[in-house]
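Student: Sending over a structure as structure tokens; questions will come in a sec.
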Amino acid sequence: MQILTFLLGEEKFAVDINLVDTIEHKMPITTVPKCKKYVIGLISNRGNVIPVINTSLILNQKNQISDFKKLIIISLENYKFALAVNEIDDVVDIETEDIKKVDGNETLSVVKLNSNIITVLTYDELKSI
Amino acid sequence: MEELLSDSISEFSTVNKKNLDEIVALVEELVINKVRIEKMKNEFYNNAHIKILDQELRIISEIQESIKKVRLIKMKTIDNFLKDLIDKCTKEYNTTANFLFEGQETEIENSLISYIRRILTYFIKNIYQNEFNVTGSHSNQIKVSASSDGRNLITVIESNGTGFDYEGTCKIFNRENLDLLSFNEDETRKFFSIINITNNIEELIKLKSDLVYLDGSIKFESKLNESRRIIISVPLSSSIMKGILITVGNEIYAIPLEFIETIINKKAVSIKNSNNTEMIIYMDKVIRLLRLSEVLDVQTTEESSCILIVSANNKRVALLVDSLMDQTDMVIKPKHHIIKDVCEFKGTTILGDGLVTLVLDVPSILKKI
């Protein structure tokens with residue numbers, strides 16, 4: 001399988017590429033009052049209205065990032081949303097078995113890449129958004 | 001049953017529903033572009049250009065109006081279907097019932113009639129299975145009545161029979177009323193078992209989730225050992241409607257025109273304060289004033305200049321906003337599930353500049369105060 005790696009601040013993360021619809025540049029975002037904290041706002045993408053998610057917040061990063069430059073549009077069964085990230089990094093081939101759950105934190109999936117461990121957002125993590 | 005269905009529709013149209021839906025989707029796109037053209041028009045100085053754009057705009061408006069009418073069909077199209085269903089049930093369950101169908105002239109959007117028909121089928125079958133059999137009463141009655149309050153089509157199925165303990169059931173679920181759409185899946189199953197709905201549960205759950213998307217409601221009422229009422233409410237309005245664009249702080253919001261009674265300049269009235277509530281006196285009426293910036297929790301820096309008097313469900317309130325921008329046609333898209341819990345908004349629309357604009361849910365804002 002392939003994963004798309006992206007940067008949030010200094011840290012690298014990844015997402016299952018099968019879930020990625022498109023990658024867009026940052027565009028004007030309409031903020032939604034009173035909505036969940038991790039929703040930055042709404043954008044229109046090919047006639048669809050889709051919410052933009054503060055990726056830094058859902059990944060519980062200590063230093064919250066706000067200077068997002070790219071939007072990764074994620075498409076799950078019947079709805080879409082955008083993950084706001086700083087920069088797109090690379091597309092990497094990995095074996096599906098390489099994605100491991102972390103003992104002690106079953107909600108986290110990680111993969112070992114060039115002696116680094118990076119968190120991978122898989123279907124299970126994204127569908128709960 | 002399928003035969004009956006095609007018979008009843010042929011009187012009204014021979015258009016393939018799929019084709020019609022495609023046309024409607026195209027018209028929705030046209031309407032989005034119409035708003036853009038209107039913006040562009042102001043940038044042209046050449047009269048010939050303006051003239052042709054004006055013509056295009058007029059044609060789009062007319063198409064929009066006619067497509068609205070094409071999609072409407074009368075409730076009487078399902079009259080034969082219902083009679084047939086009653087006949088079948090009467091034979092199957094070996095019991096008789098008086099059947100009444102009122103409000104057949106009520107109009108509803110074509111795409112919704114199949115929902116209504118399916119819901120009626122499941123509930124009417126259930127009435128035969130569980131309501132009539134137990135009592136053995138000889139004066140069984142089923143009454144289906146359709147009516148419209150301008151915004152929703154309300155279909156009521158009334159029957160006599162065993163019913164259920166309404167207050168008790170409300171208490172079990174800790175609700176003020178029994179709206180099926182406010183239940184989650186587990187609650188729905190539990191509710192069905194309490195009120196004795198045992199068949200077609202999966203289909204009903206599927207229908208329920210579709211209705212949530214359409215913003216409808218299915219309410220149950222009952223008097224134990226007397227009667228049961230199921231009130232199904234589905235919005236009539238087409239997704240294309242007119243709205244007023246207003247600004248609050250840096251944000252632009254749309255308010256559907258149907259909720260707006262009047263727009264007044266703030267200078268024309270004086271804002272009074274009593275008991276921590278702001279109000280205005282307009283045309284001899286005292287109307288509560290709400291600052292939209294406070295309702296939505298939005299920062300506003302500008303001096304608010306405009307008051308919109310809005311009303312819904314017999315409630316009226318004055319909304320203070322920063323300024324008015326424009327009147328526009330909009331195609332309302334339902335809320336994404338991630339922002340579903342923000343009840344102040346009905347949905348979103350994409351305006352001429354390609355930006356997403358939130359559409360205020362006036363009834364819901366009024367309900368909260």
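Scheme for the structure tokens: letters A, B, ... for chains in order shown; per-chain residue numbers from 1; ligand numbers from 1 in order shown.
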For chain A, list the residues within 10 Å of chain B, counting only C-alpha atoms, and write the list as a list of chain:residue names.
Tutor: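 The selection requested is A:Met27, A:Pro28, A:Ile29, A:Thr30, A:Thr31, A:Val32, A:Pro33, A:Lys34, A:Cys35, A:Lys36, A:Tyr38, A:Val39, A:Gly41, A:Leu42, A:Ile43, A:Ser44, A:Asn45, A:Gly47, A:Asn48, A:Val49, A:Ile50, A:Pro51, A:Val52, A:Ile53, A:Tyr79, A:Lys80, A:Phe81, A:Ile129.
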Student: Could you turn the residues from that selection into a file that holds N, CA and C atoms, as a compact mmCIF listing (two decimals), in the first residue's frame?
Tutor:
# COMPACT_ATOMS: atom_id res chain seq x y z
N MET A 27 -7.28 27.81 0.61
CA MET A 27 -8.25 28.70 -0.05
C MET A 27 -9.10 29.39 1.01
N PRO A 28 -9.86 30.40 0.61
CA PRO A 28 -10.66 31.10 1.63
C PRO A 28 -11.60 30.13 2.36
N ILE A 29 -11.60 30.22 3.67
CA ILE A 29 -12.40 29.30 4.49
C ILE A 29 -13.48 30.09 5.22
N THR A 30 -14.70 29.59 5.19
CA THR A 30 -15.79 30.22 5.92
C THR A 30 -15.85 29.61 7.32
N THR A 31 -15.68 30.43 8.34
CA THR A 31 -15.70 29.87 9.70
C THR A 31 -17.15 29.61 10.13
N VAL A 32 -17.31 28.60 10.95
CA VAL A 32 -18.65 28.25 11.44
C VAL A 32 -18.70 28.53 12.93
N PRO A 33 -19.52 29.51 13.35
CA PRO A 33 -19.61 29.78 14.78
C PRO A 33 -20.16 28.57 15.54
N LYS A 34 -19.74 28.42 16.76
CA LYS A 34 -20.30 27.42 17.67
C LYS A 34 -20.10 25.97 17.25
N CYS A 35 -19.19 25.71 16.33
CA CYS A 35 -19.01 24.31 15.94
C CYS A 35 -17.87 23.71 16.76
N LYS A 36 -17.61 22.41 16.51
CA LYS A 36 -16.56 21.73 17.26
C LYS A 36 -15.22 22.45 17.06
N TYR A 38 -12.26 21.43 16.55
CA TYR A 38 -11.33 20.97 15.53
C TYR A 38 -11.76 21.29 14.09
N VAL A 39 -12.93 21.96 13.96
CA VAL A 39 -13.37 22.37 12.62
C VAL A 39 -12.92 23.81 12.37
N GLY A 41 -13.37 25.43 9.42
CA GLY A 41 -14.43 26.10 8.67
C GLY A 41 -14.84 25.28 7.47
N LEU A 42 -15.45 25.94 6.49
CA LEU A 42 -15.96 25.24 5.31
C LEU A 42 -15.34 25.79 4.04
N ILE A 43 -15.11 24.91 3.08
CA ILE A 43 -14.67 25.36 1.75
C ILE A 43 -15.60 24.74 0.71
N SER A 44 -15.59 25.32 -0.50
CA SER A 44 -16.34 24.66 -1.57
C SER A 44 -15.32 24.02 -2.49
N ASN A 45 -15.57 22.74 -2.78
CA ASN A 45 -14.64 21.99 -3.60
C ASN A 45 -15.45 21.21 -4.63
N GLY A 47 -18.13 21.95 -6.24
CA GLY A 47 -19.57 21.98 -5.99
C GLY A 47 -19.99 21.38 -4.67
N ASN A 48 -19.05 20.78 -3.94
CA ASN A 48 -19.39 20.24 -2.62
C ASN A 48 -18.93 21.20 -1.53
N VAL A 49 -19.70 21.22 -0.45
CA VAL A 49 -19.26 22.01 0.70
C VAL A 49 -18.62 21.03 1.68
N ILE A 50 -17.34 21.26 2.00
CA ILE A 50 -16.69 20.30 2.89
C ILE A 50 -15.97 21.01 4.04
N PRO A 51 -16.01 20.41 5.22
CA PRO A 51 -15.37 21.02 6.37
C PRO A 51 -13.86 20.81 6.36
N VAL A 52 -13.15 21.79 6.90
CA VAL A 52 -11.70 21.70 7.02
C VAL A 52 -11.36 21.40 8.47
N ILE A 53 -10.57 20.36 8.67
CA ILE A 53 -10.26 19.90 10.02
C ILE A 53 -8.88 20.39 10.44
N TYR A 79 -18.99 10.80 2.47
CA TYR A 79 -18.72 12.20 2.76
C TYR A 79 -17.24 12.51 2.67
N LYS A 80 -16.97 13.82 2.58
CA LYS A 80 -15.59 14.27 2.42
C LYS A 80 -15.26 15.29 3.49
N PHE A 81 -14.01 15.41 3.81
CA PHE A 81 -13.53 16.53 4.61
C PHE A 81 -12.09 16.79 4.25
N ILE A 129 -13.97 10.99 12.93
CA ILE A 129 -14.03 12.46 12.92
C ILE A 129 -15.45 12.91 12.64
Student: Would you pick out the contacts of A:Val20 at 9 Å or less, using only C-alpha atoms, so that residues sharing its chain but fewer than 3 positions from it are not included, and give the list as an mmCIF file with N, CA and C atoms, in the first residue's frame?
Tutor:
data_model
loop_
_atom_site.group_PDB
_atom_site.id
_atom_site.type_symbol
_atom_site.label_atom_id
_atom_site.label_comp_id
_atom_site.auth_asym_id
_atom_site.auth_seq_id
_atom_site.Cartn_x
_atom_site.Cartn_y
_atom_site.Cartn_z
ATOM 1 N N LEU A 4 0.630 8.759 2.103
ATOM 2 C CA LEU A 4 1.030 10.133 1.781
ATOM 3 C C LEU A 4 1.557 10.760 3.062
ATOM 4 N N VAL A 15 -0.976 9.547 5.876
ATOM 5 C CA VAL A 15 -2.368 9.134 5.726
ATOM 6 C C VAL A 15 -2.439 8.099 4.600
ATOM 7 N N ASP A 16 -3.310 7.119 4.763
ATOM 8 C CA ASP A 16 -3.510 6.086 3.748
ATOM 9 C C ASP A 16 -3.946 6.754 2.443
ATOM 10 N N ILE A 17 -3.187 6.534 1.380
ATOM 11 C CA ILE A 17 -3.429 7.286 0.138
ATOM 12 C C ILE A 17 -4.751 6.891 -0.525
ATOM 13 N N ILE A 23 -5.470 16.978 -3.466
ATOM 14 C CA ILE A 23 -4.729 17.897 -2.584
ATOM 15 C C ILE A 23 -4.938 19.301 -3.142
ATOM 16 N N ILE A 72 -5.572 18.415 2.425
ATOM 17 C CA ILE A 72 -5.694 17.055 1.875
ATOM 18 C C ILE A 72 -7.174 16.688 1.955
ATOM 19 N N ILE A 73 -7.813 16.551 0.786
ATOM 20 C CA ILE A 73 -9.245 16.224 0.785
ATOM 21 C C ILE A 73 -9.389 14.709 0.950
ATOM 22 N N ILE A 74 -10.056 14.319 2.018
ATOM 23 C CA ILE A 74 -10.247 12.907 2.334
ATOM 24 C C ILE A 74 -11.656 12.491 1.924
ATOM 25 N N SER A 75 -11.773 11.353 1.304
ATOM 26 C CA SER A 75 -13.091 10.892 0.892
ATOM 27 C C SER A 75 -13.393 9.536 1.542
ATOM 28 N N LEU A 76 -14.376 9.527 2.431
ATOM 29 C CA LEU A 76 -14.816 8.285 3.061
ATOM 30 C C LEU A 76 -16.193 7.974 2.508
#
Student: Excluding A:Leu121 and residues on its chain fewer than 5 positions from it, collect all residues at most 10 Å away from it, counting only C-alpha atoms, and give them as a list in words.
Tutor: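 Result of the neighbour search: Ile3, Leu4, Phe13, Ala14, Val15, Asp16, Ile17, Leu19, Leu59, Leu108, Ser109, Val110, Leu126 and Lys127 of chain A.
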Student: By how many Å are atom CA of B:Leu224 and atom CA of B:Thr95 apart?
Tutor: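 For atom CA of B:Leu224 relative to atom CA of B:Thr95, the distance reads 21.0 Å.
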Student: Could you pull the residues within 8 Å of B:Lys74, counting only C-alpha atoms, minus those fewer than 3 positions along the same chain, as a list of chain:residue names?
Tutor: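 So the residues in contact are B:Thr77, B:Gln104, B:Glu105, B:Thr106, B:Glu107, B:Ile108.
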Student: Residues of stretch 274-335 of chain B classed as helix (DSSP H, G or I) by DSSP on the backbone are to be reported as a VMD selection string.
Tutor: chain B and resid 292 to 296
Student: Rounded to one decimal, what separation in Å do you get between atom CA of B:Gly249 and atom CA of B:Glu294?
Tutor: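 Between atom CA of B:Gly249 and atom CA of B:Glu294 the gap is 11.1 Å.
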Student: Rounded to one decimal in Å, what is the spacing between atom CA of A:Ile118 and atom CA of A:Lys70?
Tutor: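 Atom CA of A:Lys70 lies at a distance of 19.3 Å from atom CA of A:Ile118.
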Student: Identify, on the basis of only C-alpha atoms, every residue whose closest approach to stretch 85-99 of chain A does not exceed 7 Å; exclude the query and any residue fewer than 5 positions from it along the same chain; express the result as a list in words.
Tutor: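 Counting only C-alpha atoms, the residues come to Met1, Gln2, Ile3, Leu4, Thr5, Phe6, Leu7, Leu8, Gly9, Thr55, Asp67, Phe68, Lys69, Lys70, Leu71, Ser109, Val110 and Val111 of chain A.
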Student: Got a sec: who's within 7 Å of B:Thr162, counting only C-alpha atoms, leaving out chain neighbours fewer than 4 positions off, as a list in words?
Tutor: Glu131, Thr135, Leu224, Asn225, Glu226 and Ser227 of chain B
Student: Those same residues, written as an mmCIF file, in the first residue's frame with N, CA and C atoms?
Tutor:
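Final file, result_14.cif:
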data_model
loop_
_atom_site.group_PDB
_atom_site.id
_atom_site.type_symbol
_atom_site.label_atom_id
_atom_site.label_comp_id
_atom_site.auth_asym_id
_atom_site.auth_seq_id
_atom_site.Cartn_x
_atom_site.Cartn_y
_atom_site.Cartn_z
ATOM 1 N N GLU B 131 -52.599 -3.115 16.271
ATOM 2 C CA GLU B 131 -53.598 -2.280 16.924
ATOM 3 C C GLU B 131 -54.968 -2.938 16.898
ATOM 4 N N THR B 135 -57.658 -5.576 20.037
ATOM 5 C CA THR B 135 -58.923 -5.096 20.598
ATOM 6 C C THR B 135 -60.120 -5.884 20.093
ATOM 7 N N LEU B 224 -53.743 5.490 25.594
ATOM 8 C CA LEU B 224 -53.742 4.046 25.830
ATOM 9 C C LEU B 224 -55.155 3.475 25.659
ATOM 10 N N ASN B 225 -55.239 2.387 24.923
ATOM 11 C CA ASN B 225 -56.500 1.692 24.642
ATOM 12 C C ASN B 225 -57.515 2.531 23.882
ATOM 13 N N GLU B 226 -57.073 3.617 23.303
ATOM 14 C CA GLU B 226 -58.008 4.434 22.517
ATOM 15 C C GLU B 226 -57.503 4.649 21.099
ATOM 16 N N SER B 227 -56.397 5.363 20.981
ATOM 17 C CA SER B 227 -55.976 5.751 19.639
ATOM 18 C C SER B 227 -54.472 5.976 19.560
#
Student: Let me make sure I understand: among B:Gln64, B:Lys223, B:Ile116, B:Leu320, which one has the smallest atom-to-atom distance to B:Val269 if we use only C-alpha atoms?
Tutor: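 Among the listed residues, the smallest separation from B:Val269 belongs to B:Leu320.
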Student: Might you pull out every residue within 12 Å of B:Ile287, with only C-alpha atoms counted and same-chain residues fewer than 3 positions away left off, and present them as an MDAnalysis selection string?
Tutor: chainID B and resid 269:273 277:284 290 307:311 315:320
Student: Those same residues - N, CA and C atoms - I'd like them written as a short mmCIF file (atom, residue, chain, number, x, y, z; two decimals), in the first residue's frame.
Tutor:
data_model
loop_
_atom_site.label_atom_id
_atom_site.label_comp_id
_atom_site.auth_asym_id
_atom_site.auth_seq_id
_atom_site.Cartn_x
_atom_site.Cartn_y
_atom_site.Cartn_z
N VAL B 269 -35.91 53.27 14.80
CA VAL B 269 -36.53 52.83 16.05
C VAL B 269 -35.55 53.05 17.19
N SER B 270 -36.08 53.09 18.40
CA SER B 270 -35.14 53.18 19.52
C SER B 270 -35.17 51.88 20.30
N ILE B 271 -33.98 51.48 20.72
CA ILE B 271 -33.86 50.20 21.44
C ILE B 271 -34.03 50.46 22.93
N LYS B 272 -35.01 49.80 23.53
CA LYS B 272 -35.28 49.96 24.97
C LYS B 272 -34.72 48.75 25.70
N ASN B 273 -34.50 48.96 26.97
CA ASN B 273 -33.98 47.86 27.76
C ASN B 273 -34.81 47.69 29.02
N THR B 277 -33.47 42.63 28.99
CA THR B 277 -33.88 42.21 27.65
C THR B 277 -34.02 43.45 26.79
N GLU B 278 -33.40 43.39 25.62
CA GLU B 278 -33.52 44.53 24.72
C GLU B 278 -34.76 44.35 23.85
N MET B 279 -35.43 45.48 23.57
CA MET B 279 -36.62 45.38 22.72
C MET B 279 -36.83 46.65 21.93
N ILE B 280 -37.63 46.51 20.88
CA ILE B 280 -37.97 47.70 20.11
C ILE B 280 -39.50 47.79 20.01
N ILE B 281 -39.96 49.03 19.78
CA ILE B 281 -41.40 49.18 19.52
C ILE B 281 -41.55 49.49 18.05
N TYR B 282 -42.28 48.62 17.37
CA TYR B 282 -42.47 48.80 15.95
C TYR B 282 -43.93 48.54 15.60
N MET B 283 -44.54 49.50 14.94
CA MET B 283 -45.96 49.41 14.58
C MET B 283 -46.81 49.02 15.80
N ASP B 284 -46.57 49.68 16.91
CA ASP B 284 -47.34 49.44 18.14
C ASP B 284 -47.10 48.08 18.77
N LEU B 290 -32.71 40.71 19.30
CA LEU B 290 -31.56 39.83 19.48
C LEU B 290 -30.41 40.38 18.65
N ILE B 307 -32.01 46.33 11.26
CA ILE B 307 -32.82 45.39 12.04
C ILE B 307 -33.74 44.62 11.11
N LEU B 308 -33.71 43.30 11.23
CA LEU B 308 -34.62 42.47 10.43
C LEU B 308 -35.65 41.88 11.38
N ILE B 309 -36.91 42.07 11.05
CA ILE B 309 -37.93 41.42 11.87
C ILE B 309 -38.24 40.08 11.24
N VAL B 310 -37.93 39.02 11.97
CA VAL B 310 -38.12 37.67 11.43
C VAL B 310 -39.17 36.93 12.24
N SER B 311 -39.86 36.01 11.58
CA SER B 311 -40.87 35.25 12.32
C SER B 311 -40.94 33.82 11.80
N LYS B 315 -43.79 32.98 16.25
CA LYS B 315 -42.89 33.73 17.12
C LYS B 315 -42.24 34.81 16.28
N ARG B 316 -42.04 36.00 16.90
CA ARG B 316 -41.45 37.08 16.14
C ARG B 316 -40.31 37.68 16.95
N VAL B 317 -39.26 38.05 16.26
CA VAL B 317 -38.14 38.65 16.96
C VAL B 317 -37.42 39.61 16.01
N ALA B 318 -36.75 40.63 16.59
CA ALA B 318 -36.00 41.57 15.76
C ALA B 318 -34.52 41.20 15.85
N LEU B 319 -33.90 41.02 14.69
CA LEU B 319 -32.49 40.63 14.66
C LEU B 319 -31.64 41.84 14.28
N LEU B 320 -30.68 42.15 15.11
CA LEU B 320 -29.80 43.29 14.82
C LEU B 320 -28.56 42.78 14.10
#
Student: Write out as a CSV table (one decimal) with N, CA and C atoms, in the first residue's frame all residues of stretch 97-248 of chain B that DSSP puts in strand (DSSP E) for this structure's backbone.
Tutor:
chain,number,residue,atom,x,y,z
B,98,ASN,N,-62.7,1.3,8.5
B,98,ASN,CA,-63.0,2.4,7.8
B,98,ASN,C,-61.8,3.2,7.4
B,99,PHE,N,-61.6,3.5,6.1
B,99,PHE,CA,-60.5,4.2,5.7
B,99,PHE,C,-60.8,5.6,5.2
B,100,LEU,N,-60.2,6.6,5.7
B,100,LEU,CA,-60.4,8.0,5.2
B,100,LEU,C,-59.1,8.6,4.8
B,101,PHE,N,-59.1,9.3,3.7
B,101,PHE,CA,-57.9,10.0,3.2
B,101,PHE,C,-58.2,11.4,2.9
B,102,GLU,N,-57.7,12.3,3.7
B,102,GLU,CA,-58.1,13.7,3.6
B,102,GLU,C,-56.9,14.5,3.1
B,107,GLU,N,-50.0,19.6,-2.2
B,107,GLU,CA,-48.9,19.3,-3.2
B,107,GLU,C,-47.6,19.0,-2.5
B,108,ILE,N,-46.8,18.1,-3.1
B,108,ILE,CA,-45.6,17.7,-2.5
B,108,ILE,C,-44.6,17.5,-3.6
B,109,GLU,N,-43.3,17.7,-3.3
B,109,GLU,CA,-42.3,17.5,-4.3
B,109,GLU,C,-42.2,16.0,-4.6
B,141,GLN,N,-60.7,2.1,12.6
B,141,GLN,CA,-60.6,3.2,11.8
B,141,GLN,C,-59.2,3.6,11.5
B,142,ILE,N,-59.0,4.0,10.2
B,142,ILE,CA,-57.7,4.5,9.9
B,142,ILE,C,-57.9,5.8,9.1
B,143,LYS,N,-57.3,6.9,9.6
B,143,LYS,CA,-57.5,8.1,8.8
B,143,LYS,C,-56.1,8.7,8.5
B,144,VAL,N,-55.9,8.9,7.2
B,144,VAL,CA,-54.7,9.5,6.7
B,144,VAL,C,-55.0,11.0,6.3
B,145,SER,N,-54.4,11.9,6.9
B,145,SER,CA,-54.7,13.3,6.4
B,145,SER,C,-53.4,14.0,6.1
B,146,ALA,N,-53.4,14.7,5.0
B,146,ALA,CA,-52.2,15.5,4.5
B,146,ALA,C,-52.6,17.0,4.6
B,147,SER,N,-51.7,17.8,5.0
B,147,SER,CA,-51.9,19.2,5.0
B,147,SER,C,-50.5,19.9,4.9
B,148,SER,N,-50.5,21.2,4.6
B,148,SER,CA,-49.3,21.8,4.5
B,148,SER,C,-49.3,23.2,5.3
B,152,ASN,N,-43.9,22.8,5.6
B,152,ASN,CA,-43.8,21.4,5.7
B,152,ASN,C,-45.0,20.7,5.2
B,153,LEU,N,-44.9,19.5,4.7
B,153,LEU,CA,-46.0,18.7,4.4
B,153,LEU,C,-46.2,17.8,5.7
B,154,ILE,N,-47.4,17.9,6.2
B,154,ILE,CA,-47.7,17.1,7.4
B,154,ILE,C,-48.7,16.0,7.1
B,155,THR,N,-48.3,14.8,7.3
B,155,THR,CA,-49.1,13.6,7.1
B,155,THR,C,-49.4,13.0,8.4
B,156,VAL,N,-50.7,12.8,8.7
B,156,VAL,CA,-51.0,12.2,10.0
B,156,VAL,C,-51.8,10.9,9.7
B,157,ILE,N,-51.3,9.9,10.4
B,157,ILE,CA,-52.0,8.6,10.4
B,157,ILE,C,-52.7,8.4,11.7
B,158,GLU,N,-54.0,8.4,11.7
B,158,GLU,CA,-54.7,8.2,13.0
B,158,GLU,C,-55.4,6.8,13.0
B,159,SER,N,-55.3,6.1,14.1
B,159,SER,CA,-56.1,4.9,14.1
B,159,SER,C,-56.6,4.7,15.6
B,160,ASN,N,-57.7,3.9,15.7
B,160,ASN,CA,-58.1,3.5,17.0
B,160,ASN,C,-57.5,2.2,17.3
B,178,LEU,N,-42.3,12.3,21.5
B,178,LEU,CA,-41.6,11.1,20.9
B,178,LEU,C,-41.4,11.3,19.4
B,179,ASP,N,-40.3,12.0,19.1
B,179,ASP,CA,-39.9,12.2,17.7
B,179,ASP,C,-38.9,11.2,17.4
B,217,SER,N,-39.6,15.1,10.4
B,217,SER,CA,-39.8,14.5,11.8
B,217,SER,C,-40.9,13.4,11.7
B,218,ILE,N,-40.8,12.4,12.6
B,218,ILE,CA,-41.9,11.5,12.8
B,218,ILE,C,-42.3,11.4,14.2
B,219,LYS,N,-43.4,12.0,14.6
B,219,LYS,CA,-43.8,12.1,16.0
B,219,LYS,C,-44.9,11.1,16.3
B,220,PHE,N,-44.8,10.5,17.4
B,220,PHE,CA,-45.9,9.5,17.9
B,220,PHE,C,-46.7,10.1,19.0
B,221,GLU,N,-48.0,10.0,19.0
B,221,GLU,CA,-48.8,10.3,20.1
B,221,GLU,C,-49.8,9.2,20.3
B,222,SER,N,-50.3,9.1,21.5
B,222,SER,CA,-51.2,8.0,21.8
B,222,SER,C,-52.0,8.2,23.0
B,223,LYS,N,-53.3,7.6,23.0
B,223,LYS,CA,-54.0,7.5,24.3
B,223,LYS,C,-54.2,6.0,24.5
B,227,SER,N,-56.4,5.4,21.0
B,227,SER,CA,-56.0,5.8,19.6
B,227,SER,C,-54.5,6.0,19.6
B,228,ARG,N,-54.0,6.1,18.3
B,228,ARG,CA,-52.6,6.3,18.1
B,228,ARG,C,-52.5,7.3,16.9
B,229,ARG,N,-51.6,8.3,17.0
B,229,ARG,CA,-51.4,9.2,15.9
B,229,ARG,C,-49.9,9.2,15.6
B,230,ILE,N,-49.6,9.1,14.3
B,230,ILE,CA,-48.3,9.2,13.8
B,230,ILE,C,-48.2,10.5,12.9
B,231,ILE,N,-47.4,11.4,13.3
B,231,ILE,CA,-47.4,12.7,12.6
B,231,ILE,C,-46.0,12.8,11.8
B,232,ILE,N,-46.1,12.7,10.5
B,232,ILE,CA,-44.9,12.7,9.7
B,232,ILE,C,-44.8,14.1,9.0
B,233,SER,N,-43.7,14.8,9.3
B,233,SER,CA,-43.5,16.1,8.7
B,233,SER,C,-42.3,16.1,7.8
B,234,VAL,N,-42.5,16.6,6.6
B,234,VAL,CA,-41.4,16.6,5.6
B,234,VAL,C,-41.4,18.0,5.0
B,235,PRO,N,-40.2,18.6,4.9
B,235,PRO,CA,-40.2,20.0,4.3
B,235,PRO,C,-40.6,20.0,2.9
B,240,ILE,N,-33.9,25.3,-3.9
B,240,ILE,CA,-33.6,26.6,-4.4
B,240,ILE,C,-34.5,27.7,-3.8
B,241,MET,N,-34.0,28.6,-3.1
B,241,MET,CA,-34.8,29.7,-2.5
B,241,MET,C,-34.1,31.0,-2.5
B,242,LYS,N,-34.9,32.1,-2.2
B,242,LYS,CA,-34.4,33.4,-2.1
B,242,LYS,C,-33.9,33.7,-0.7
B,243,GLY,N,-32.9,34.5,-0.6
B,243,GLY,CA,-32.4,34.9,0.7
B,243,GLY,C,-31.8,36.2,0.7
B,244,ILE,N,-31.6,36.8,1.9
B,244,ILE,CA,-31.0,38.1,2.1
B,244,ILE,C,-29.6,37.9,2.7
B,245,LEU,N,-28.6,38.5,2.1
B,245,LEU,CA,-27.3,38.4,2.7
B,245,LEU,C,-27.0,39.5,3.7
B,246,ILE,N,-26.6,39.1,4.8
B,246,ILE,CA,-26.3,40.2,5.8
B,246,ILE,C,-24.8,40.0,6.3
B,247,THR,N,-24.3,41.0,7.0
B,247,THR,CA,-23.0,40.8,7.5
B,247,THR,C,-23.0,41.0,9.0
B,248,VAL,N,-22.2,40.3,9.7
B,248,VAL,CA,-22.0,40.4,11.1
B,248,VAL,C,-20.5,40.3,11.3
